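Structure data follow from upload-v5.pdb (PDB, C-alpha atoms and all ligand atoms):
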ATOM      1  CA  MET A  22       0.000   0.000   0.000  1.00  0.00           C
ATOM      2  CA  ARG A  23       1.360   3.354  -0.963  1.00  0.00           C
ATOM      3  CA  ARG A  24       0.924   6.560   0.871  1.00  0.00           C
ATOM      4  CA  GLY A  25      -0.380   9.539  -1.036  1.00  0.00           C
ATOM      5  CA  THR A  26      -3.903   8.634  -2.006  1.00  0.00           C
ATOM      6  CA  GLY A  27      -6.383   6.670   0.060  1.00  0.00           C
ATOM      7  CA  PRO A  28      -4.043   5.797   2.876  1.00  0.00           C
ATOM      8  CA  ASP A  29      -3.562   9.472   3.622  1.00  0.00           C
ATOM      9  CA  ASP A  30      -7.284   9.819   3.980  1.00  0.00           C
ATOM     10  CA  ALA A  31      -7.242   6.936   6.383  1.00  0.00           C
ATOM     11  CA  GLY A  32      -4.303   8.511   8.129  1.00  0.00           C
ATOM     12  CA  ARG A  33      -6.260  11.639   8.861  1.00  0.00           C
ATOM     13  CA  TRP A  34      -8.854   9.529  10.579  1.00  0.00           C
ATOM     14  CA  ARG A  35      -6.205   7.800  12.578  1.00  0.00           C
ATOM     15  CA  ARG A  36      -4.549  10.939  13.765  1.00  0.00           C
ATOM     16  CA  ARG A  37      -7.697  12.177  15.412  1.00  0.00           C
ATOM     17  CA  THR A  38      -9.021   8.909  16.678  1.00  0.00           C
ATOM     18  CA  LEU A  39      -8.041   6.184  18.986  1.00  0.00           C
ATOM     19  CA  TRP A  40      -7.281   3.309  16.735  1.00  0.00           C
ATOM     20  CA  LEU A  41      -6.656  -0.320  16.885  1.00  0.00           C
ATOM     21  CA  VAL A  42      -4.787  -2.485  14.479  1.00  0.00           C
ATOM     22  CA  VAL A  43      -6.090  -5.961  14.239  1.00  0.00           C
ATOM     23  CA  GLY A  44      -3.440  -8.078  12.753  1.00  0.00           C
ATOM     24  CA  VAL A  45      -1.742  -6.189  10.007  1.00  0.00           C
ATOM     25  CA  LEU A  46      -2.195  -9.552   8.677  1.00  0.00           C
ATOM     26  CA  ALA A  47       0.081  -9.510   5.728  1.00  0.00           C
ATOM     27  CA  ALA A  48       1.172  -7.636   2.715  1.00  0.00           C
ATOM     28  CA  VAL A  49       2.280  -9.002  -0.606  1.00  0.00           C
ATOM     29  CA  PHE A  50       3.478  -6.661  -3.277  1.00  0.00           C
ATOM     30  CA  ALA A  51       4.783  -7.096  -6.755  1.00  0.00           C
ATOM     31  CA  GLY A  52       8.170  -5.862  -5.706  1.00  0.00           C
ATOM     32  CA  PRO A  53       9.941  -4.610  -2.626  1.00  0.00           C
ATOM     33  CA  THR A  54      10.406  -1.003  -1.674  1.00  0.00           C
ATOM     34  CA  ALA A  55      11.893   0.534   1.421  1.00  0.00           C
ATOM     35  CA  ALA A  56       8.465   1.743   2.476  1.00  0.00           C
ATOM     36  CA  GLU A  57       7.035  -1.741   2.287  1.00  0.00           C
ATOM     37  CA  ALA A  58       9.902  -3.304   4.178  1.00  0.00           C
ATOM     38  CA  ALA A  59       9.372  -0.682   6.870  1.00  0.00           C
ATOM     39  CA  TYR A  60       5.675  -1.385   7.182  1.00  0.00           C
ATOM     40  CA  PRO A  61       5.732  -2.534  10.826  1.00  0.00           C
ATOM     41  CA  ASP A  62       7.578   0.642  11.804  1.00  0.00           C
ATOM     42  CA  SER A  63       5.005   2.648   9.901  1.00  0.00           C
ATOM     43  CA  VAL A  64       2.212   0.967  11.808  1.00  0.00           C
ATOM     44  CA  LEU A  65       3.833   1.617  15.148  1.00  0.00           C
ATOM     45  CA  GLY A  66       4.455   5.216  14.123  1.00  0.00           C
ATOM     46  CA  SER A  67       0.703   5.609  13.890  1.00  0.00           C
ATOM     47  CA  VAL A  68       0.460   4.819  17.606  1.00  0.00           C
ATOM     48  CA  PRO A  69      -1.901   1.864  17.564  1.00  0.00           C
ATOM     49  CA  VAL A  70      -3.487   0.664  20.749  1.00  0.00           C
ATOM     50  CA  SER A  71      -2.475  -2.872  19.929  1.00  0.00           C
ATOM     51  CA  TYR A  72      -0.840  -4.498  16.946  1.00  0.00           C
ATOM     52  CA  TRP A  73      -0.233  -8.172  16.243  1.00  0.00           C
ATOM     53  CA  ARG A  74       2.148  -9.488  13.622  1.00  0.00           C
ATOM     54  CA  LEU A  75       1.074 -13.117  14.001  1.00  0.00           C
ATOM     55  CA  GLY A  76       4.626 -14.178  13.318  1.00  0.00           C
ATOM     56  CA  GLU A  77       5.048 -16.729  16.082  1.00  0.00           C
ATOM     57  CA  THR A  78       6.422 -20.123  15.191  1.00  0.00           C
ATOM     58  CA  SER A  79       5.193 -21.992  18.266  1.00  0.00           C
ATOM     59  CA  GLY A  80       2.962 -21.687  21.295  1.00  0.00           C
ATOM     60  CA  THR A  81      -0.495 -20.171  21.700  1.00  0.00           C
ATOM     61  CA  VAL A  82       0.328 -16.525  22.443  1.00  0.00           C
ATOM     62  CA  ALA A  83       0.092 -13.906  19.699  1.00  0.00           C
ATOM     63  CA  ALA A  84       2.434 -11.168  20.824  1.00  0.00           C
ATOM     64  CA  ALA A  85       1.192  -7.587  20.744  1.00  0.00           C
ATOM     65  CA  ARG A  86       2.806  -4.190  20.473  1.00  0.00           C
ATOM     66  CA  GLY A  87       1.266  -0.747  20.859  1.00  0.00           C
ATOM     67  CA  THR A  88       0.303   1.719  23.559  1.00  0.00           C
ATOM     68  CA  SER A  89      -1.815  -0.855  25.448  1.00  0.00           C
ATOM     69  CA  PRO A  90      -0.739  -4.116  23.889  1.00  0.00           C
ATOM     70  CA  SER A  91      -3.032  -7.043  24.502  1.00  0.00           C
ATOM     71  CA  PRO A  92      -1.562 -10.418  23.545  1.00  0.00           C
ATOM     72  CA  GLY A  93      -3.888 -12.733  21.686  1.00  0.00           C
ATOM     73  CA  THR A  94      -4.463 -16.461  21.899  1.00  0.00           C
ATOM     74  CA  TYR A  95      -4.210 -18.911  19.027  1.00  0.00           C
ATOM     75  CA  VAL A  96      -7.102 -21.360  19.209  1.00  0.00           C
ATOM     76  CA  GLY A  97      -7.796 -24.585  17.352  1.00  0.00           C
ATOM     77  CA  GLY A  98      -4.300 -25.385  16.163  1.00  0.00           C
ATOM     78  CA  VAL A  99      -3.552 -22.367  13.975  1.00  0.00           C
ATOM     79  CA  GLY A 100      -0.752 -23.215  11.567  1.00  0.00           C
ATOM     80  CA  LEU A 101       2.181 -21.127  12.725  1.00  0.00           C
ATOM     81  CA  GLY A 102       5.470 -20.459  11.017  1.00  0.00           C
ATOM     82  CA  ALA A 103       4.185 -20.316   7.462  1.00  0.00           C
ATOM     83  CA  PRO A 104       6.266 -18.223   5.075  1.00  0.00           C
ATOM     84  CA  GLY A 105       5.769 -14.549   5.794  1.00  0.00           C
ATOM     85  CA  ALA A 106       4.317 -12.152   3.316  1.00  0.00           C
ATOM     86  CA  LEU A 107       6.371  -8.995   3.647  1.00  0.00           C
ATOM     87  CA  PHE A 108       9.212  -9.071   1.149  1.00  0.00           C
ATOM     88  CA  GLY A 109      12.551  -9.052   2.849  1.00  0.00           C
ATOM     89  CA  ASP A 110      11.046  -9.566   6.296  1.00  0.00           C
ATOM     90  CA  ALA A 111      11.792 -12.798   8.137  1.00  0.00           C
ATOM     91  CA  ASP A 112       8.620 -12.619  10.180  1.00  0.00           C
ATOM     92  CA  ARG A 113       6.412 -15.697   9.785  1.00  0.00           C
ATOM     93  CA  ALA A 114       2.729 -16.119   8.987  1.00  0.00           C
ATOM     94  CA  ALA A 115      -0.267 -17.906  10.497  1.00  0.00           C
ATOM     95  CA  ALA A 116      -2.585 -20.160   8.512  1.00  0.00           C
ATOM     96  CA  PHE A 117      -6.223 -20.724   9.487  1.00  0.00           C
ATOM     97  CA  ASP A 118      -7.966 -23.940   8.509  1.00  0.00           C
ATOM     98  CA  GLY A 119     -11.584 -22.795   8.379  1.00  0.00           C
ATOM     99  CA  VAL A 120     -12.557 -25.547  10.785  1.00  0.00           C
ATOM    100  CA  ASP A 121     -11.820 -24.354  14.288  1.00  0.00           C
ATOM    101  CA  ASP A 122      -8.831 -22.046  13.981  1.00  0.00           C
ATOM    102  CA  GLU A 123      -8.896 -18.440  15.104  1.00  0.00           C
ATOM    103  CA  VAL A 124      -7.060 -15.848  17.129  1.00  0.00           C
ATOM    104  CA  GLN A 125      -8.886 -14.430  20.108  1.00  0.00           C
ATOM    105  CA  LEU A 126      -8.057 -10.925  21.236  1.00  0.00           C
ATOM    106  CA  GLY A 127      -9.313  -9.417  24.447  1.00  0.00           C
ATOM    107  CA  GLY A 128      -8.473  -7.114  27.256  1.00  0.00           C
ATOM    108  CA  ALA A 129      -9.975  -3.855  28.405  1.00  0.00           C
ATOM    109  CA  PRO A 130      -7.939  -1.711  25.988  1.00  0.00           C
ATOM    110  CA  LEU A 131      -9.673  -3.428  23.105  1.00  0.00           C
ATOM    111  CA  ALA A 132     -13.185  -2.644  24.214  1.00  0.00           C
ATOM    112  CA  VAL A 133     -13.663  -0.173  21.377  1.00  0.00           C
ATOM    113  CA  GLY A 134     -16.600   2.182  21.430  1.00  0.00           C
ATOM    114  CA  GLY A 135     -17.621   5.166  19.404  1.00  0.00           C
ATOM    115  CA  THR A 136     -14.240   6.314  18.121  1.00  0.00           C
ATOM    116  CA  THR A 137     -11.835   3.780  16.807  1.00  0.00           C
ATOM    117  CA  THR A 138     -10.181   2.210  13.797  1.00  0.00           C
ATOM    118  CA  LEU A 139      -9.850  -1.486  13.052  1.00  0.00           C
ATOM    119  CA  GLU A 140      -7.459  -2.528  10.348  1.00  0.00           C
ATOM    120  CA  GLY A 141      -5.730  -5.555   8.946  1.00  0.00           C
ATOM    121  CA  TRP A 142      -4.266  -7.368   5.967  1.00  0.00           C
ATOM    122  CA  PHE A 143      -6.073 -10.480   4.804  1.00  0.00           C
ATOM    123  CA  PHE A 144      -5.796 -13.218   2.222  1.00  0.00           C
ATOM    124  CA  TRP A 145      -9.389 -14.386   2.542  1.00  0.00           C
ATOM    125  CA  GLU A 146     -10.138 -17.677   0.874  1.00  0.00           C
ATOM    126  CA  ALA A 147     -13.433 -18.766   2.421  1.00  0.00           C
ATOM    127  CA  GLY A 148     -15.709 -18.290   5.395  1.00  0.00           C
ATOM    128  CA  ILE A 149     -17.944 -15.613   6.806  1.00  0.00           C
ATOM    129  CA  ALA A 150     -16.035 -13.054   8.862  1.00  0.00           C
ATOM    130  CA  LEU A 151     -12.559 -11.564   9.026  1.00  0.00           C
ATOM    131  CA  VAL A 152     -12.633  -9.988  12.473  1.00  0.00           C
ATOM    132  CA  ARG A 153     -15.673  -9.802  14.691  1.00  0.00           C
ATOM    133  CA  ASP A 154     -16.518  -9.203  18.292  1.00  0.00           C
ATOM    134  CA  ASN A 155     -18.219 -11.748  20.530  1.00  0.00           C
ATOM    135  CA  THR A 156     -21.810 -10.924  19.613  1.00  0.00           C
ATOM    136  CA  SER A 157     -23.894 -13.130  17.339  1.00  0.00           C
ATOM    137  CA  SER A 158     -25.918 -10.627  15.327  1.00  0.00           C
ATOM    138  CA  ALA A 159     -24.977  -7.209  16.662  1.00  0.00           C
ATOM    139  CA  GLY A 160     -21.758  -5.562  17.691  1.00  0.00           C
ATOM    140  CA  TRP A 161     -18.718  -5.006  15.523  1.00  0.00           C
ATOM    141  CA  ILE A 162     -17.374  -6.744  12.434  1.00  0.00           C
ATOM    142  CA  LEU A 163     -14.570  -5.403  10.280  1.00  0.00           C
ATOM    143  CA  ALA A 164     -15.904  -7.231   7.233  1.00  0.00           C
ATOM    144  CA  PHE A 165     -18.096 -10.221   6.533  1.00  0.00           C
ATOM    145  CA  ASP A 166     -19.893 -12.023   3.741  1.00  0.00           C
ATOM    146  CA  SER A 167     -23.558 -11.062   3.644  1.00  0.00           C
ATOM    147  CA  GLY A 168     -25.203 -13.036   0.867  1.00  0.00           C
ATOM    148  CA  GLY A 169     -22.277 -12.636  -1.486  1.00  0.00           C
ATOM    149  CA  GLN A 170     -21.664  -8.976  -0.648  1.00  0.00           C
ATOM    150  CA  VAL A 171     -19.138  -7.552   1.785  1.00  0.00           C
ATOM    151  CA  ALA A 172     -20.653  -5.751   4.750  1.00  0.00           C
ATOM    152  CA  TYR A 173     -19.342  -4.369   8.007  1.00  0.00           C
ATOM    153  CA  ARG A 174     -20.944  -3.641  11.351  1.00  0.00           C
ATOM    154  CA  ALA A 175     -20.279  -0.837  13.821  1.00  0.00           C
ATOM    155  CA  GLY A 176     -21.958  -0.884  17.189  1.00  0.00           C
ATOM    156  CA  GLY A 177     -24.735  -3.077  15.849  1.00  0.00           C
ATOM    157  CA  THR A 178     -25.322  -1.033  12.687  1.00  0.00           C
ATOM    158  CA  GLN A 179     -24.760  -3.045   9.524  1.00  0.00           C
ATOM    159  CA  VAL A 180     -23.545  -1.334   6.351  1.00  0.00           C
ATOM    160  CA  ALA A 181     -23.235  -2.904   2.897  1.00  0.00           C
ATOM    161  CA  THR A 182     -20.093  -1.965   0.993  1.00  0.00           C
ATOM    162  CA  GLY A 183     -21.362  -2.688  -2.513  1.00  0.00           C
ATOM    163  CA  ARG A 184     -18.407  -4.990  -3.150  1.00  0.00           C
ATOM    164  CA  SER A 185     -18.867  -8.631  -3.917  1.00  0.00           C
ATOM    165  CA  THR A 186     -17.239 -11.046  -1.527  1.00  0.00           C
ATOM    166  CA  ALA A 187     -15.685 -12.835  -4.471  1.00  0.00           C
ATOM    167  CA  SER A 188     -13.859  -9.656  -5.453  1.00  0.00           C
ATOM    168  CA  VAL A 189     -11.922  -9.527  -2.187  1.00  0.00           C
ATOM    169  CA  ARG A 190     -11.049 -13.203  -1.931  1.00  0.00           C
ATOM    170  CA  ASP A 191      -7.920 -15.045  -2.983  1.00  0.00           C
ATOM    171  CA  GLY A 192      -5.625 -12.063  -2.866  1.00  0.00           C
ATOM    172  CA  TRP A 193      -4.056  -9.826  -0.251  1.00  0.00           C
ATOM    173  CA  HIS A 194      -6.285  -6.933   0.777  1.00  0.00           C
ATOM    174  CA  HIS A 195      -6.017  -4.198   3.348  1.00  0.00           C
ATOM    175  CA  VAL A 196      -9.285  -3.492   5.159  1.00  0.00           C
ATOM    176  CA  VAL A 197      -9.983  -0.515   7.439  1.00  0.00           C
ATOM    177  CA  LEU A 198     -13.050   0.468   9.417  1.00  0.00           C
ATOM    178  CA  SER A 199     -12.956   3.884  11.090  1.00  0.00           C
ATOM    179  CA  VAL A 200     -15.719   5.106  13.352  1.00  0.00           C
ATOM    180  CA  SER A 201     -16.046   8.566  14.841  1.00  0.00           C
ATOM    181  CA  ALA A 202     -19.084  10.124  16.511  1.00  0.00           C
ATOM    182  CA  GLY A 203     -21.440   7.749  14.760  1.00  0.00           C
ATOM    183  CA  ALA A 204     -19.932   8.241  11.312  1.00  0.00           C
ATOM    184  CA  THR A 205     -18.197   5.344   9.615  1.00  0.00           C
ATOM    185  CA  ALA A 206     -15.675   5.014   6.812  1.00  0.00           C
ATOM    186  CA  TRP A 207     -14.644   1.730   5.241  1.00  0.00           C
ATOM    187  CA  TYR A 208     -11.522   1.466   3.098  1.00  0.00           C
ATOM    188  CA  LEU A 209     -10.305  -1.287   0.846  1.00  0.00           C
ATOM    189  CA  ASP A 210      -6.680  -1.285  -0.258  1.00  0.00           C
ATOM    190  CA  GLY A 211      -6.286   2.326   0.743  1.00  0.00           C
ATOM    191  CA  ALA A 212      -9.299   3.696  -1.091  1.00  0.00           C
ATOM    192  CA  PRO A 213     -12.534   4.792   0.568  1.00  0.00           C
ATOM    193  CA  VAL A 214     -15.387   2.529  -0.497  1.00  0.00           C
ATOM    194  CA  VAL A 215     -18.324   3.644   1.608  1.00  0.00           C
ATOM    195  CA  THR A 216     -19.002   6.187   4.313  1.00  0.00           C
ATOM    196  CA  THR A 217     -21.980   6.845   6.519  1.00  0.00           C
ATOM    197  CA  ALA A 218     -22.510  10.216   8.135  1.00  0.00           C
ATOM    198  CA  ALA A 219     -24.229   8.875  11.229  1.00  0.00           C
ATOM    199  CA  GLY A 220     -26.015   5.943  12.696  1.00  0.00           C
ATOM    200  CA  ALA A 221     -23.214   3.765  13.953  1.00  0.00           C
ATOM    201  CA  GLY A 222     -23.910   2.430  17.376  1.00  0.00           C
ATOM    202  CA  THR A 223     -21.497   3.274  20.138  1.00  0.00           C
ATOM    203  CA  ALA A 224     -21.861   0.138  22.213  1.00  0.00           C
ATOM    204  CA  PRO A 225     -18.415  -1.205  23.064  1.00  0.00           C
ATOM    205  CA  ALA A 226     -17.343  -4.382  21.379  1.00  0.00           C
ATOM    206  CA  ALA A 227     -18.102  -7.547  23.285  1.00  0.00           C
ATOM    207  CA  LEU A 228     -14.851  -9.372  23.974  1.00  0.00           C
ATOM    208  CA  PRO A 229     -13.033 -11.339  22.846  1.00  0.00           C
ATOM    209  CA  TRP A 230     -12.442 -10.365  19.236  1.00  0.00           C
ATOM    210  CA  HIS A 231     -12.417 -13.351  16.900  1.00  0.00           C
ATOM    211  CA  VAL A 232      -9.954 -13.180  14.039  1.00  0.00           C
ATOM    212  CA  MET A 233     -10.685 -15.567  11.160  1.00  0.00           C
ATOM    213  CA  GLY A 234     -13.337 -17.530  13.039  1.00  0.00           C
ATOM    214  CA  ASN A 235     -16.640 -18.438  11.374  1.00  0.00           C
ATOM    215  CA  GLY A 236     -15.028 -21.018   9.140  1.00  0.00           C
ATOM    216  CA  SER A 237     -12.758 -18.491   7.511  1.00  0.00           C
ATOM    217  CA  VAL A 238      -9.739 -19.798   5.660  1.00  0.00           C
ATOM    218  CA  ALA A 239      -6.696 -17.661   5.191  1.00  0.00           C
ATOM    219  CA  THR A 240      -2.979 -17.356   5.493  1.00  0.00           C
ATOM    220  CA  ILE A 241      -2.118 -14.359   7.592  1.00  0.00           C
ATOM    221  CA  SER A 242       1.229 -12.762   8.073  1.00  0.00           C
ATOM    222  CA  GLU A 243       2.923  -9.663   9.399  1.00  0.00           C
TER     223      GLU A 243
HETATM  224 CA    CA B 301      -7.675 -26.587  13.545  1.00  0.00          CA
END
As structure tokens, please, write out the structure in this file.
Amino acid sequence: MRRGTGPDDAGRWRRRTLWLVVGVLAAVFAGPTAAEAAYPDSVLGSVPVSYWRLGETSGTVAAARGTSPSPGTYVGGVGLGAPGALFGDADRAAAFDGVDDEVQLGGAPLAVGGTTTLEGWFFWEAGIALVRDNTSSAGWILAFDSGGQVAYRAGGTQVATGRSTASVRDGWHHVVLSVSAGATAWYLDGAPVVTTAAGAGTAPAALPWHVMGNGSVATISE
């Protein structure tokens, strides 16, 4: 992802909001640049609340960085130590089987409410949701498949993005949901896709967050 177009728009949101990076789940580019190799530093420079690279090669703890880092837990036998996605970066990746694998993220700092940003890199092969909170039909979801269309949910308010689920599968994509004072903005690969001026609920997310649950299959890095 390059700075200068959509990402700068996202950046303006970030600078005035509390934000949360879920994952930074991997980036694959056609060729390496210094900016891409420095991606983790760029993320940390944006002062995330918590940021997970999912680069562990063993164990069940997903290490976190950030201002209030909250380590996650690998559940279901997540495949660790897969080849990483950032060119020139030795960090490893995590692979999710779509059966029972997920990462669970919790902790008081992650109880997002009315002003926050969720973001991550995904190679989404199958399944319903990328990142969701612990509610069943309300709450917060960064992105999910709603009858073949991608939708997101903020504080119980569901918004359709107008993008087909098929169009965001089987390739690396960067997904951002920013919420501020009831307004939402959803970005795909650095470009704004849909915004709502108001209506987002402000109920805090129910913990834990579930990353790549709901039968979702992916390889996740960073
Ligand atoms: Ca499993």
Exercise. So, counting only C-alpha atoms, which residue among A:Thr205, A:Ser158, A:Thr136, A:Thr81 is closest to Glu123 (chain A)?
Worked result: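 Between A:Thr205, A:Ser158, A:Thr136, A:Thr81, the residue approaching Glu123 (chain A) most closely is A:Thr81.
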Problem set entry | Separation of CA of Gly192 (chain A) from CA of Ala227 (chain A), in Å and rounded to one decimal |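 Distance reported for this atom pair: 29.3 Å.
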Exercise. What does the distance from CA of Ala221 (chain A) to CA of Thr137 (chain A) come to in Å, to one decimal?
Worked result: 11.7 Å
Residue by residue, what does the PyMOL selection byres (((not hetatm)) within 9 of (chain B and resi 301)) grab here? Present the result as a short mmCIF file (atom, residue, chain, number, x, y, z; two decimals) with C-alpha atoms, in the coordinates of the input.
data_model
loop_
_atom_site.label_atom_id
_atom_site.label_comp_id
_atom_site.auth_asym_id
_atom_site.auth_seq_id
_atom_site.Cartn_x
_atom_site.Cartn_y
_atom_site.Cartn_z
CA VAL A 96 -7.10 -21.36 19.21
CA GLY A 97 -7.80 -24.58 17.35
CA GLY A 98 -4.30 -25.38 16.16
CA VAL A 99 -3.55 -22.37 13.98
CA GLY A 100 -0.75 -23.22 11.57
CA PHE A 117 -6.22 -20.72 9.49
CA ASP A 118 -7.97 -23.94 8.51
CA GLY A 119 -11.58 -22.80 8.38
CA VAL A 120 -12.56 -25.55 10.78
CA ASP A 121 -11.82 -24.35 14.29
CA ASP A 122 -8.83 -22.05 13.98
CA GLU A 123 -8.90 -18.44 15.10
#
Exercise. Selected by the PyMOL selection byres (((chain A and resi 76) around 7) and not hetatm) in the shown coordinates: which residues, as an NGL selection string?
Worked result: :A and (74-75 or 77-78 or 102 or 112-115 or 242-243)
For the file shown, what are the residues hit by the PyMOL selection byres (((chain A and resi 230-235) around 6) and not hetatm), laid out as an mmCIF file with C-alpha atoms, in the coordinates of the input?
data_model
loop_
_atom_site.group_PDB
_atom_site.id
_atom_site.type_symbol
_atom_site.label_atom_id
_atom_site.label_comp_id
_atom_site.auth_asym_id
_atom_site.auth_seq_id
_atom_site.Cartn_x
_atom_site.Cartn_y
_atom_site.Cartn_z
ATOM 1 C CA GLU A 123 -8.896 -18.440 15.104
ATOM 2 C CA VAL A 124 -7.060 -15.848 17.129
ATOM 3 C CA GLN A 125 -8.886 -14.430 20.108
ATOM 4 C CA LEU A 126 -8.057 -10.925 21.236
ATOM 5 C CA ILE A 149 -17.944 -15.613 6.806
ATOM 6 C CA ALA A 150 -16.035 -13.054 8.862
ATOM 7 C CA LEU A 151 -12.559 -11.564 9.026
ATOM 8 C CA VAL A 152 -12.633 -9.988 12.473
ATOM 9 C CA ARG A 153 -15.673 -9.802 14.691
ATOM 10 C CA ASP A 154 -16.518 -9.203 18.292
ATOM 11 C CA LEU A 228 -14.851 -9.372 23.974
ATOM 12 C CA PRO A 229 -13.033 -11.339 22.846
ATOM 13 C CA GLY A 236 -15.028 -21.018 9.140
ATOM 14 C CA SER A 237 -12.758 -18.491 7.511
#
Problem set entry | CA of Thr94 (chain A) to CA of Leu139 (chain A), distance in Å rounded to a single decimal |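 Rounded to one decimal, the two atoms are 18.2 Å apart.
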Exercise. Which residue out of A:Ser89, A:Leu101, A:Leu163, A:Ala181 has the minimum interatomic distance to Gly127 (chain A) when only C-alpha atoms are used?
Worked result: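 Looking at the shortest contact to Gly127 (chain A), the residue is A:Ser89.
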Need a file for region 157-170 of chain A from that block: N, CA and C atoms, written as an mmCIF file, in the first residue's frame.
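File part20.cif, as written:
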data_model
loop_
_atom_site.group_PDB
_atom_site.id
_atom_site.type_symbol
_atom_site.label_atom_id
_atom_site.label_comp_id
_atom_site.auth_asym_id
_atom_site.auth_seq_id
_atom_site.Cartn_x
_atom_site.Cartn_y
_atom_site.Cartn_z
ATOM 1 N N SER A 157 -23.463 -12.230 18.403
ATOM 2 C CA SER A 157 -23.894 -13.130 17.339
ATOM 3 C C SER A 157 -24.506 -12.372 16.168
ATOM 4 N N SER A 158 -25.265 -11.336 16.425
ATOM 5 C CA SER A 158 -25.918 -10.627 15.327
ATOM 6 C C SER A 158 -25.923 -9.119 15.540
ATOM 7 N N ALA A 159 -25.087 -8.644 16.418
ATOM 8 C CA ALA A 159 -24.977 -7.209 16.662
ATOM 9 C C ALA A 159 -23.498 -6.879 16.726
ATOM 10 N N GLY A 160 -23.157 -5.832 17.405
ATOM 11 C CA GLY A 160 -21.758 -5.562 17.691
ATOM 12 C C GLY A 160 -20.958 -5.056 16.526
ATOM 13 N N TRP A 161 -19.722 -5.555 16.421
ATOM 14 C CA TRP A 161 -18.718 -5.006 15.523
ATOM 15 C C TRP A 161 -18.115 -6.100 14.643
ATOM 16 N N ILE A 162 -18.057 -5.831 13.354
ATOM 17 C CA ILE A 162 -17.374 -6.744 12.434
ATOM 18 C C ILE A 162 -16.643 -5.898 11.401
ATOM 19 N N LEU A 163 -15.374 -6.151 11.251
ATOM 20 C CA LEU A 163 -14.570 -5.403 10.280
ATOM 21 C C LEU A 163 -15.058 -5.653 8.862
ATOM 22 N N ALA A 164 -15.356 -6.888 8.548
ATOM 23 C CA ALA A 164 -15.904 -7.231 7.233
ATOM 24 C C ALA A 164 -16.438 -8.646 7.298
ATOM 25 N N PHE A 165 -17.558 -8.872 6.589
ATOM 26 C CA PHE A 165 -18.096 -10.221 6.533
ATOM 27 C C PHE A 165 -18.891 -10.404 5.255
ATOM 28 N N ASP A 166 -19.132 -11.662 4.937
ATOM 29 C CA ASP A 166 -19.893 -12.023 3.741
ATOM 30 C C ASP A 166 -21.374 -12.015 4.084
ATOM 31 N N SER A 167 -22.114 -11.154 3.439
ATOM 32 C CA SER A 167 -23.558 -11.062 3.644
ATOM 33 C C SER A 167 -24.240 -11.366 2.319
ATOM 34 N N GLY A 168 -24.534 -12.638 2.095
ATOM 35 C CA GLY A 168 -25.203 -13.036 0.867
ATOM 36 C C GLY A 168 -24.423 -12.726 -0.394
ATOM 37 N N GLY A 169 -23.111 -12.880 -0.308
ATOM 38 C CA GLY A 169 -22.277 -12.636 -1.486
ATOM 39 C C GLY A 169 -21.750 -11.222 -1.593
ATOM 40 N N GLN A 170 -22.153 -10.347 -0.668
ATOM 41 C CA GLN A 170 -21.664 -8.976 -0.648
ATOM 42 C C GLN A 170 -20.889 -8.740 0.650
#
